[in-house]
Structures are given as structure tokens and as C-alpha cells.
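Peer 1: Before anything else, here's the structure in question.
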Amino acid sequence: MRVGSFVLAARFPGQGQGEALHRAVRSAEVAEEAGLDTVWLAEHHFVPYGSCPSAVTLAGLLLGRTDRIRVGTAVSVLSTQHPVALGEQAALLHVASGGRLSLGVGRGGPWVDLEVFGTGLDAFEKGFPESLDLLVRWLREPSVAATGERFRFREVPVVPRPSEALSAAEGPEVLVACTSPASVRLAAERGLPMLLGMHVGDEEKAEMVALWRRHARATGRSPEEVARAAHVSAGVCQIADRRTDAVETLTKALPGWLKQGLEAHVTVDGRERRMRDPLTYTELLCGLHPVGTPRLCADRLAASSERTGISRFALMVEGSGDLAATEENVRRLGAEVLPHLT
């Protein structure tokens, strides 16, 4: 089992952006010290939900500050950027880090970001498959040309080529954030593993994995390729000597962050949004994920892996909103939870 942290650089009420980013960077450094497998970085624009607008940029910083741990994006949003630009950045980090980058990508949302970056609503509603395919080609082929609806250009060489990295991996792994059967099928057709969100439980995640496997086989993927697909499950982790203390920590801090963060999202076309109740959502997260004593957290992770078939986890560890508490949470995850997992 491979357990990593999920870092949103969340800005809690009363905090500044610098404070949130400092906590994010420090928690990643501690994650390596604690023996975690990967640090996954979120990306958001113009909202306090997350203070990192470029997951791949922050990944570059963290790859330079660490020696062993993998660093992944969860996710880099393709609807607001050119896939070749992202591909070049990912290839650069893959080569320079010796193959420690994991590139998670997603469609994003119908947010004002599409207006600001000039990509438009079509990029979100229709453009994701074309962008994804161009990105993957860039990371796997020596030269690339494009003749699609959104991207058209003559053949150009890929520089740097990911295969030139001094590592066994030909290029960075690419994962796809999946929230619907359509996105599951899209990932399966391409043989790309999924990133599954923290808002859904084991039963739904197991159904998505089963759908991915069926569709991957139906579209010609080999049994070996299907079996080795390493999907990632996102969640929340808060460790305490008593479960009630862990739950109290999250119920004190998360609702305020969720309320101000989710309310700040603005749709590009004025479409109506339905907001989750922050406290109810926090209680849901505490019920779904490893929140409690170290033994309980280990048992929940093991049970989740058995139910879903997923053995990689990205756990939000900054739910207290406090730097010292976040560092302690990460250290306890490494010292008191990981030894119980195989």
C-alpha cells in the first residue's frame, strides 16, 4: 500500500496566503521525513479554497527540496492551459528529478478561470479529450503535430524528451481525475489510472474501478495492463489518541474553510450552483476516511483498499489549519499508521 499526503494549501479563515503556502511546503518536507510515498498538490484560481494556482510549479519547488518522495499534481487543470505547455513543464520536471513526478490532470469546472485565461466554456465542456490526448502524445513521442479542432500545428520535436530521464520510467505517469462514468470511460480507453475524490465513499469508488476495468478490457487493454493500473483514492486523515478528539479538530476547522472557499467560486456563465452544507460535509468526511486513533486509521485504509481494489491514497493532512498540528499529523501518519499497512 502506498500512502501519500494531499496538499491543497488551504487558506483557513483569518489566515494569509503566505501562511497557507508555507504550511503546504513544510508539510511536504515532513512527509518525506515521515516515509510517505507521494505528496499530491491541488490547483485552484482566485479562491481561498486553495492558494496554489499552479500545481506543476509548486511540484518543481518540492522536487528540488526533497530527495526521495514522489510529487504529484492533483490536479493540473487542462481546460485553462495549453497541453503542450503543461507537457513541456512535466517533461522538464520528470527528467530533472530522475522520474519522481506524477502528473494528475482534470477537466476543472465551469469557473471564471475560463474567461480569465481566454480558453472559453467549450474548453471545459468539449475540449478535455483532445487536450488529454495531445498531452499524452507529448509525453510519449519524440515529435508531435496536431490537427484537432482546438489545436493545430506542424510537427515539432519534443524537448526535453521524457525518455531521456536517468530513470527506468519512459515518462511521468499520467492520471485522470474522474467524477462521472463518462470520465471513467475516457480514462479507461487510454489505459490511464484514475484519481478519485474525497467526497465519495468506498462503494462508489469500487463501482468506478469496476467500470474502468470492464471498459479498458472492452477497448482492447490487456489483462496485465488492467491489473497494474494504480488508481489513487483521495481522503482526509486526522490522527489523535481518541477518535472524538480527531473529529473535534476537523469539525472546528473544516466548516469555516469550506464555507469561505466554496462560496468564492464564480461560474463563467452564471449557471446555478448547489452548495454543500459545510458542517454536514465535514461530518461525511469524518465518517468516510481515516479519522481517529492510529489503529483505526490503519484499519480504515486497509478496509478501503480491500473494498475498492485501490492501494494508493492521497490524504489531506492539513485539516486542522494549524502548522504545528499538521506536522504532528504527518509524523504520526508515518510513525504510527504506516507500520500497520503492507
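Ordering of the C-alpha cells sets the chain letters (A, B, ...), residue numbers begin anew at 1 in every chain, and ligands are numbered from 1 in the order given.
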Just the strand (DSSP E or B) stuff from range 90-187 of chain A, please, per backbone DSSP, written as a PyMOL selection string.

Peer 2: chain A and resi 101-106+111+143-147+152-157+173-178

Peer 1: Determine, counting only C-alpha atoms, which protein, DNA and RNA residues have an atom within 12 Å of an atom of Thr57 in chain A; residues of the same chain fewer than 2 positions away are not included. Present the result as a list in words.

Peer 2: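 In the requested form, the answer reads Leu41, Ala42, Glu43, Cys52, Pro53, Ser54, Ala55, Ala59, Gly60, Leu61, Leu62, Leu63, Gly64, Val71, Gly72, Thr73, Ser76, Leu86, Gln89, Ala90, Leu92, Leu93, Leu101 and Leu103 of chain A.
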
Peer 1: Between A:Ala169, A:Ser51, A:Ser131, A:Ser27, single out the one closest to Ser97 in chain A, counting only C-alpha atoms.

Peer 2: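 Of the candidates, the smallest distance to Ser97 in chain A is held by A:Ala169.
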
Peer 1: Quick check, in Å to one decimal: how far apart do CA of Arg68 in chain A and CA of Arg190 in chain A lie?

Peer 2: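 Interatomic distance, CA of Arg68 in chain A to CA of Arg190 in chain A: 28.7 Å.
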
Peer 1: When DSSP works through the backbone of this structure, what residues of range 71-255 of chain A end up as helix (DSSP H, G or I), shown as a ChimeraX atom specification?

Peer 2: /A:78-80,83-96,113-116,121-125,128-140,162-164,181-189,202-218,223-227,243-255

Peer 1: Can you work out the spacing between CA of Ser163 in chain A and CA of Ala145 in chain A in Å, to one decimal?

Peer 2: 18.5 Å

Peer 1: List as a PDB file with all heavy atoms, in the first residue's frame the protein and nucleic acid residues near range 266-279 of chain A, meaning an atom at most 6 Å away when only C-alpha atoms are counted, but skip any in the same chain fewer than 5 places from it.

Peer 2:
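Generated output (out-v5.pdb):
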ATOM      1  N   PRO A 110     -16.733  24.864 -14.451  1.00  0.00           N
ATOM      2  CA  PRO A 110     -17.204  25.963 -15.313  1.00  0.00           C
ATOM      3  C   PRO A 110     -16.960  27.322 -14.679  1.00  0.00           C
ATOM      4  O   PRO A 110     -17.846  28.168 -14.612  1.00  0.00           O
ATOM      5  CB  PRO A 110     -18.704  25.661 -15.437  1.00  0.00           C
ATOM      6  CG  PRO A 110     -19.048  25.056 -14.113  1.00  0.00           C
ATOM      7  CD  PRO A 110     -17.839  24.226 -13.709  1.00  0.00           C
ATOM      8  N   TRP A 111     -15.729  27.528 -14.210  1.00  0.00           N
ATOM      9  CA  TRP A 111     -15.451  28.706 -13.398  1.00  0.00           C
ATOM     10  C   TRP A 111     -14.994  29.887 -14.253  1.00  0.00           C
ATOM     11  O   TRP A 111     -14.656  29.751 -15.431  1.00  0.00           O
ATOM     12  CB  TRP A 111     -14.403  28.382 -12.325  1.00  0.00           C
ATOM     13  CG  TRP A 111     -14.663  27.138 -11.566  1.00  0.00           C
ATOM     14  CD1 TRP A 111     -13.820  26.083 -11.372  1.00  0.00           C
ATOM     15  CD2 TRP A 111     -15.881  26.781 -10.885  1.00  0.00           C
ATOM     16  NE1 TRP A 111     -14.407  25.106 -10.610  1.00  0.00           N
ATOM     17  CE2 TRP A 111     -15.683  25.499 -10.306  1.00  0.00           C
ATOM     18  CE3 TRP A 111     -17.117  27.412 -10.720  1.00  0.00           C
ATOM     19  CZ2 TRP A 111     -16.671  24.859  -9.568  1.00  0.00           C
ATOM     20  CZ3 TRP A 111     -18.107  26.767  -9.988  1.00  0.00           C
ATOM     21  CH2 TRP A 111     -17.873  25.504  -9.419  1.00  0.00           C
ATOM     22  N   VAL A 112     -14.910  31.045 -13.619  1.00  0.00           N
ATOM     23  CA  VAL A 112     -14.473  32.275 -14.282  1.00  0.00           C
ATOM     24  C   VAL A 112     -13.048  32.151 -14.805  1.00  0.00           C
ATOM     25  O   VAL A 112     -12.615  32.927 -15.657  1.00  0.00           O
ATOM     26  CB  VAL A 112     -14.613  33.470 -13.316  1.00  0.00           C
ATOM     27  CG1 VAL A 112     -13.565  33.386 -12.202  1.00  0.00           C
ATOM     28  CG2 VAL A 112     -14.513  34.790 -14.056  1.00  0.00           C
ATOM     29  N   PRO A 255     -15.321  23.364   8.521  1.00  0.00           N
ATOM     30  CA  PRO A 255     -16.508  24.077   8.012  1.00  0.00           C
ATOM     31  C   PRO A 255     -16.231  25.525   7.622  1.00  0.00           C
ATOM     32  O   PRO A 255     -16.741  26.006   6.599  1.00  0.00           O
ATOM     33  CB  PRO A 255     -17.501  23.969   9.166  1.00  0.00           C
ATOM     34  CG  PRO A 255     -17.125  22.705   9.864  1.00  0.00           C
ATOM     35  CD  PRO A 255     -15.622  22.677   9.799  1.00  0.00           C
ATOM     36  N   LEU A 258     -14.328  25.443   4.316  1.00  0.00           N
ATOM     37  CA  LEU A 258     -15.201  25.015   3.225  1.00  0.00           C
ATOM     38  C   LEU A 258     -16.190  26.117   2.850  1.00  0.00           C
ATOM     39  O   LEU A 258     -16.432  26.368   1.669  1.00  0.00           O
ATOM     40  CB  LEU A 258     -15.956  23.749   3.642  1.00  0.00           C
ATOM     41  CG  LEU A 258     -15.128  22.466   3.720  1.00  0.00           C
ATOM     42  CD1 LEU A 258     -15.910  21.373   4.439  1.00  0.00           C
ATOM     43  CD2 LEU A 258     -14.715  21.996   2.333  1.00  0.00           C
ATOM     44  N   LYS A 259     -16.751  26.785   3.858  1.00  0.00           N
ATOM     45  CA  LYS A 259     -17.754  27.817   3.564  1.00  0.00           C
ATOM     46  C   LYS A 259     -17.144  28.960   2.754  1.00  0.00           C
ATOM     47  O   LYS A 259     -17.660  29.330   1.694  1.00  0.00           O
ATOM     48  CB  LYS A 259     -18.357  28.350   4.866  1.00  0.00           C
ATOM     49  CG  LYS A 259     -19.497  29.359   4.650  1.00  0.00           C
ATOM     50  CD  LYS A 259     -20.075  29.803   5.985  1.00  0.00           C
ATOM     51  CE  LYS A 259     -21.343  30.613   5.838  1.00  0.00           C
ATOM     52  NZ  LYS A 259     -21.398  31.552   4.725  1.00  0.00           N
TER      53      LYS A 259
END

Peer 1: Compile the contact shell of Val176 in chain A as a PyMOL selection string: residues with an atom at most 8 Å away, counting only C-alpha atoms, same-chain residues fewer than 3 positions apart removed.

Peer 2: chain A and resi 104-106+187+192-195

Peer 1: Only N, CA, C and O atoms, please: the residues just picked out, written as a tab-separated table (two decimals), in the first residue's frame.

Peer 2:
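The result, written out as part_22.tsv:
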chain	number	residue	atom	x	y	z
A	104	GLY	N	-1.18	14.33	-12.49
A	104	GLY	CA	-2.62	14.16	-12.47
A	104	GLY	C	-3.28	15.33	-13.16
A	104	GLY	O	-2.92	16.49	-12.92
A	105	VAL	N	-4.23	15.05	-14.06
A	105	VAL	CA	-4.90	16.12	-14.81
A	105	VAL	C	-6.41	15.97	-14.68
A	105	VAL	O	-6.92	14.87	-14.41
A	106	GLY	N	-7.11	17.08	-14.89
A	106	GLY	CA	-8.55	17.05	-14.80
A	106	GLY	C	-9.18	18.11	-15.69
A	106	GLY	O	-8.49	18.98	-16.23
A	187	ALA	N	-10.80	7.67	-19.30
A	187	ALA	CA	-9.52	7.22	-18.75
A	187	ALA	C	-9.24	5.77	-19.11
A	187	ALA	O	-8.11	5.41	-19.47
A	192	LEU	N	-5.31	4.96	-18.66
A	192	LEU	CA	-4.76	5.86	-17.66
A	192	LEU	C	-5.44	5.64	-16.31
A	192	LEU	O	-6.67	5.58	-16.24
A	193	PRO	N	-4.69	5.54	-15.24
A	193	PRO	CA	-5.29	5.34	-13.91
A	193	PRO	C	-6.08	6.57	-13.48
A	193	PRO	O	-5.88	7.68	-13.98
A	194	MET	N	-6.97	6.36	-12.52
A	194	MET	CA	-7.88	7.40	-12.06
A	194	MET	C	-7.43	8.01	-10.73
A	194	MET	O	-6.85	7.33	-9.89
A	195	LEU	N	-7.77	9.28	-10.55
A	195	LEU	CA	-7.75	9.95	-9.26
A	195	LEU	C	-9.20	10.12	-8.83
A	195	LEU	O	-9.99	10.76	-9.53

Peer 1: Find the residues of range 237-286 of chain A that sit at most 9 Å from range 297-313 of chain A; for each, write down the nearest two atoms and how far apart they are in Å, to one decimal. Count only C-alpha atoms. Sort by chain, then by number going up, and give it as CSV.

Peer 2:
residue,atom,partner,partner_atom,distance
A:Cys237,CA,A:Cys297,CA,7.6
A:Gln238,CA,A:Cys297,CA,8.4
A:Ile239,CA,A:Cys297,CA,7.4

Peer 1: Report, in Å with one decimal, the straight-line distance from CA of Ile69 in chain A to CA of Leu36 in chain A.

Peer 2: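 Taking CA of Ile69 in chain A and CA of Leu36 in chain A, their separation equals 7.1 Å.
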
Peer 1: Between A:Gly148, A:Gly201, A:Gly99, A:Gly118, which residue has the minimum interatomic distance to Ala165 in chain A, considering only C-alpha atoms?

Peer 2: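 Ranking A:Gly148, A:Gly201, A:Gly99, A:Gly118 by distance to Ala165 in chain A, first place goes to A:Gly99.
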
Peer 1: Of the candidates A:Val158, A:Glu203, A:Pro129, A:Val226, which one gets nearest to Ser183 in chain A if we count only C-alpha atoms?

Peer 2: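 Closest to Ser183 in chain A of all the choices is A:Pro129.
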
Peer 1: Residues near Glu328 in chain A, anyone? I mean within 10 Å using only C-alpha atoms, not counting same-chain ones fewer than 2 positions away, as a VMD selection string.

Peer 2: chain A and resid 27 30 238 to 240 317 323 to 326 330 to 334

Peer 1: Could you dump the residues just selected with C-alpha atoms as a PDB file, in the first residue's frame?

Peer 2:
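Listed below is the output, result.pdb:
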ATOM      1  CA  SER A  27       4.017  19.572   5.324  1.00  0.00           C
ATOM      2  CA  VAL A  30       7.796  16.481   6.717  1.00  0.00           C
ATOM      3  CA  GLN A 238      -6.647  13.239  11.174  1.00  0.00           C
ATOM      4  CA  ILE A 239      -4.939  11.275  13.940  1.00  0.00           C
ATOM      5  CA  ALA A 240      -5.486  11.602  17.687  1.00  0.00           C
ATOM      6  CA  VAL A 317      -3.445  16.141   6.426  1.00  0.00           C
ATOM      7  CA  LEU A 323       1.140  24.313  11.003  1.00  0.00           C
ATOM      8  CA  ALA A 324       2.351  22.562  14.145  1.00  0.00           C
ATOM      9  CA  ALA A 325      -0.711  20.311  14.275  1.00  0.00           C
ATOM     10  CA  THR A 326      -0.298  19.470  10.586  1.00  0.00           C
ATOM     11  CA  VAL A 330       2.003  13.820   9.181  1.00  0.00           C
ATOM     12  CA  ARG A 331       4.610  12.434  11.562  1.00  0.00           C
ATOM     13  CA  ARG A 332       2.031  10.251  13.307  1.00  0.00           C
ATOM     14  CA  LEU A 333       0.772   9.011   9.965  1.00  0.00           C
ATOM     15  CA  GLY A 334       4.285   7.863   9.125  1.00  0.00           C
TER      16      GLY A 334
END

Peer 1: Ranking A:Leu262, A:Ala34, A:Leu338, A:Val159 by minimum distance to Ala91 in chain A and counting only C-alpha atoms, which one comes first?

Peer 2: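 Going through A:Leu262, A:Ala34, A:Leu338, A:Val159 one by one, the smallest distance to Ala91 in chain A is for A:Val159.
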